[in-house]
Structures are given as C-alpha cells and as structure tokens.
file input_29.txt (compact mmCIF, C-alpha atoms)
# COMPACT_ATOMS: atom_id res chain seq x y z
CA MET A 1 -93.71 26.12 19.07
CA GLY A 2 -94.05 23.40 16.54
CA SER A 3 -92.36 20.09 16.48
CA SER A 4 -90.07 18.71 13.86
CA SER A 5 -91.59 16.81 11.00
CA SER A 6 -89.99 13.56 9.89
CA SER A 7 -90.99 13.63 6.24
CA ASP A 8 -88.81 11.85 3.67
CA SER A 9 -89.47 14.48 1.01
CA GLY A 10 -89.54 18.23 0.84
CA PRO A 11 -87.28 20.57 2.72
CA ASN A 12 -87.24 18.50 5.94
CA ALA A 13 -85.39 15.72 4.12
CA ALA A 14 -82.48 18.15 3.71
CA GLY A 15 -82.30 18.92 7.43
CA ARG A 16 -80.26 17.89 10.42
CA TRP A 17 -82.58 18.32 13.39
CA GLN A 18 -81.66 17.88 17.02
CA GLY A 19 -84.00 17.57 19.96
CA ASP A 20 -84.23 20.76 21.97
CA ARG A 21 -84.45 19.73 25.60
CA ASN A 22 -84.75 23.41 26.51
CA GLN A 23 -81.20 24.58 27.15
CA ILE A 24 -78.85 21.83 25.98
CA CYS A 25 -75.88 23.14 28.02
CA GLY A 26 -78.14 23.86 31.00
CA HIS A 27 -77.98 27.64 30.88
CA SER A 28 -80.89 30.04 30.35
CA TYR A 29 -81.90 31.18 26.85
CA ALA A 30 -81.14 34.68 28.12
CA ARG A 31 -77.44 33.61 28.23
CA TYR A 32 -77.51 32.50 24.56
CA LYS A 33 -76.26 35.51 22.61
CA VAL A 34 -77.18 35.73 18.94
CA VAL A 35 -74.04 35.88 16.82
CA ARG A 36 -75.60 35.63 13.34
CA ILE A 37 -79.03 35.80 11.71
CA LYS A 38 -79.49 34.62 8.12
CA LEU A 39 -82.41 34.46 5.70
CA TYR A 40 -82.23 31.41 3.43
CA LYS A 41 -84.04 29.83 0.53
CA CYS A 42 -83.89 26.15 -0.30
CA PRO A 43 -85.15 24.39 -3.45
CA VAL A 44 -88.01 21.94 -2.95
CA GLY A 45 -88.42 19.08 -5.40
CA PHE A 46 -87.89 19.45 -9.14
CA LEU A 47 -90.16 22.41 -9.70
CA ALA A 48 -89.28 26.06 -9.23
CA PHE A 49 -90.56 26.07 -5.64
CA THR A 50 -88.33 27.24 -2.80
CA HIS A 51 -88.70 27.10 0.96
CA TRP A 52 -87.66 30.24 2.88
CA PHE A 53 -86.59 30.26 6.53
CA VAL A 54 -84.49 32.11 9.10
CA GLU A 55 -81.49 30.65 10.90
CA VAL A 56 -80.31 32.09 14.20
CA TRP A 57 -76.80 31.17 15.34
CA THR A 58 -76.22 31.47 19.09
CA ARG A 59 -73.38 31.13 21.59
CA CYS A 60 -73.81 30.52 25.32
CA ASP A 61 -72.08 33.27 27.31
CA ASP A 62 -71.37 30.86 30.16
CA CYS A 63 -69.85 27.83 28.42
CA GLY A 64 -69.21 28.92 24.81
CA GLN A 65 -71.37 26.18 23.23
CA GLU A 66 -72.85 27.17 19.85
CA TYR A 67 -76.33 26.21 18.65
CA VAL A 68 -78.30 26.86 15.47
CA TYR A 69 -82.06 27.44 15.59
CA THR A 70 -84.23 27.40 12.46
CA PHE A 71 -87.52 29.28 12.29
CA ASP A 72 -89.90 28.60 9.41
CA PHE A 73 -93.52 28.43 8.28
CA GLY A 74 -95.43 25.91 6.16
CA LYS A 75 -98.76 24.20 5.76
CA ASP A 76 -98.49 22.87 9.34
CA GLY A 77 -97.84 26.34 10.80
CA CYS A 78 -94.74 27.89 12.35
CA GLU A 79 -91.82 25.87 13.66
CA CYS A 80 -88.79 26.65 15.79
CA ARG A 81 -86.32 23.82 16.06
CA ARG A 82 -82.71 23.29 16.89
CA GLY A 83 -80.69 22.28 13.87
CA GLU A 84 -80.40 23.35 10.28
CA TYR A 85 -81.16 22.54 6.67
CA THR A 86 -78.05 21.02 5.15
CA ARG A 87 -78.45 20.62 1.38
CA GLY A 88 -78.92 23.02 -1.48
CA CYS A 89 -79.83 26.11 0.53
CA ARG A 90 -78.63 29.59 -0.36
CA VAL A 91 -78.19 32.64 1.86
CA VAL A 92 -80.41 35.51 0.69
CA ASP A 93 -79.29 38.00 3.35
CA GLY A 94 -77.70 38.09 6.78
CA PHE A 95 -76.56 40.34 9.57
CA THR A 96 -74.93 40.35 13.00
CA PRO A 97 -77.24 41.82 15.64
CA GLN A 98 -75.95 43.87 18.54
CA ASN A 99 -76.70 42.54 22.03
CA MET A 100 -79.61 40.17 21.25
CA SER A 101 -80.37 36.96 23.16
CA LEU A 102 -82.18 33.82 22.00
CA GLU A 103 -84.82 34.67 24.60
CA GLN A 104 -85.50 37.95 22.75
CA VAL A 105 -85.65 36.14 19.40
CA LYS A 106 -88.21 33.68 20.81
CA ARG A 107 -90.33 36.59 22.06
CA VAL A 108 -90.32 38.11 18.55
CA TYR A 109 -91.16 34.69 17.13
CA SER A 110 -94.14 34.23 19.45
CA GLY A 111 -95.46 37.59 18.22
CA CYS A 112 -95.50 36.52 14.59
CA GLU A 113 -96.64 32.91 14.62
CA TRP A 114 -99.08 32.14 11.82
CA SER A 115 -101.36 29.12 11.85
CA GLY A 116 -101.18 26.43 9.20
CA ARG A 117 -104.75 27.36 8.19
CA SER A 118 -103.47 30.76 7.04
CA PHE A 119 -100.95 29.18 4.62
CA ASN A 120 -101.53 29.97 0.97
CA VAL A 121 -98.81 29.08 -1.52
CA ALA A 122 -99.42 32.25 -3.57
CA THR A 123 -100.23 34.95 -1.02
CA ASN A 124 -99.32 33.87 2.53
CA ASN A 125 -96.36 31.55 2.27
CA CYS A 126 -93.01 30.72 3.84
CA LYS A 127 -91.24 33.53 1.97
CA ASP A 128 -93.71 36.12 3.28
CA TRP A 129 -93.45 34.81 6.85
CA ALA A 130 -89.63 34.46 6.83
CA ASN A 131 -89.20 37.97 5.43
CA GLU A 132 -91.53 39.45 8.06
CA PHE A 133 -89.80 37.59 10.90
CA TYR A 134 -86.36 38.54 9.56
CA MET A 135 -87.31 42.23 9.43
CA ARG A 136 -88.72 42.12 12.98
CA LEU A 137 -85.34 40.82 14.10
CA GLY A 138 -83.64 43.78 12.44
CA GLY A 139 -82.86 42.50 8.93
CA ASP A 140 -83.53 44.26 5.64
CA ASP A 141 -86.72 43.78 3.63
CA CYS A 142 -85.89 40.99 1.17
CA SER A 143 -89.37 40.55 -0.31
CA GLY A 144 -88.11 41.60 -3.75
CA LYS A 145 -85.23 39.09 -3.78
CA PHE A 146 -85.69 35.79 -5.60
call {"tool": "encode", "arguments": {"input": "input_29.txt", "output": "structure tokens"}}
result
Amino acid sequence: MGSSSSSDSGPNAAGRWQGDRNQICGHSYARYKVVRIKLYKCPVGFLAFTHWFVEVWTRCDDCGQEYVYTFDFGKDGCECRRGEYTRGCRVVDGFTPQNMSLEQVKRVYSGCEWSGRSFNVATNNCKDWANEFYMRLGGDDCSGKF
C-alpha cells in the first residue's frame, strides 16, 4: 500500500491525512465493520480535471471508534491511507454494505492495485480505477456519471 504524499498542490492539498499505525485502537482490522462506502470526485486546479476516489467509513466492533480510509489511484500508483479529502469534493454515489470488514476491503484493494506506470490521464485514470474498485466492493457502475 502506498504512502501519503505531502504535495502542496493537487488533491492532496485538500486532505486531512493521519498516520495509520495499523490498528489505531489496537483491535484487528477484522473487527472494523464498514458502515459506509462512498465514491467521490474532487476538482483539481483551475481546469476541468477531477480526482476520483473511494472512501470507506469503519467502526470498531470492540471500542466503537470510527475511522475513514481513502483509496485512490494516480501517477504514483494506488494508495490506501487513513483520513479524507476535506475541500470541494462531491459524492457521486454511496451505499451501506452488509456485514463487511475493513480486512475484506483491503483484500479487494490488493486484488485491484494498478501501478503508476499504467496511469494514463485519458484511458487508465483515477476515475476508471475508483469505479472498478467501488463496483468490486458492491457499488453500482458509475462510469457514465460526470
């Protein structure tokens, strides 16, 4: 899994990222139940570009702590990080899964990691990756949404 970028521009500038020292509350990822999954798009710069990503909201069954994990893809490859984008992003679609753990989400994620070398802004981009990952988690196909 990738690490967080500390860029001052682009979508990362609009994020609030927290270090993920494995399980922050000390419990297993298998105990983190997914309570919400959302597909987002976020404007980048002044042009008509948008960055697409998936947010997974979790709650620990043992202590009740809630955590947000963001999964996205860009020129540096796939990233999974704890935290969220905070400015200007819009929900494209969302759903509440039945009986899914963060551990299961991470298994799905590891099955659809793309390398940064495969990034192409026109044909193999963050929207394509986020939509594919979102569908593998059980969401609707949103490839036609803008």
call {"tool": "atom_distance", "arguments": {"input": "input_29.txt", "atom1": "atom CA of A:Ser118", "atom2": "atom CA of A:Trp52"}}
result
16.4 Å
call {"tool": "residues_around", "arguments": {"input": "input_29.txt", "residues": "A:Lys33", "least_positions_apart": "4", "cutoff": "7 Å", "atoms": "all atoms listed in the file", "output": "MDAnalysis selection string"}}
result
chainID A and resid 58:61 100:102
call {"tool": "atom_distance", "arguments": {"input": "input_29.txt", "atom1": "atom CA of A:Leu39", "atom2": "atom CA of A:Asn120"}}
result
20.2 Å
call {"tool": "residues_around", "arguments": {"input": "input_29.txt", "residues": "A:Cys112", "least_positions_apart": "2", "cutoff": "9 Å", "atoms": "all atoms listed in the file", "output": "count of residues only"}}
result
9
call {"tool": "atom_distance", "arguments": {"input": "input_29.txt", "atom1": "atom CA of A:Thr86", "atom2": "atom CA of A:Thr70"}}
result
11.5 Å
call {"tool": "closest_residue", "arguments": {"input": "input_29.txt", "among": "A:Tyr85, A:Phe49, A:Tyr134, A:Phe73", "to": "A:Glu113", "atoms": "all atoms listed in the file"}}
result
A:Phe73
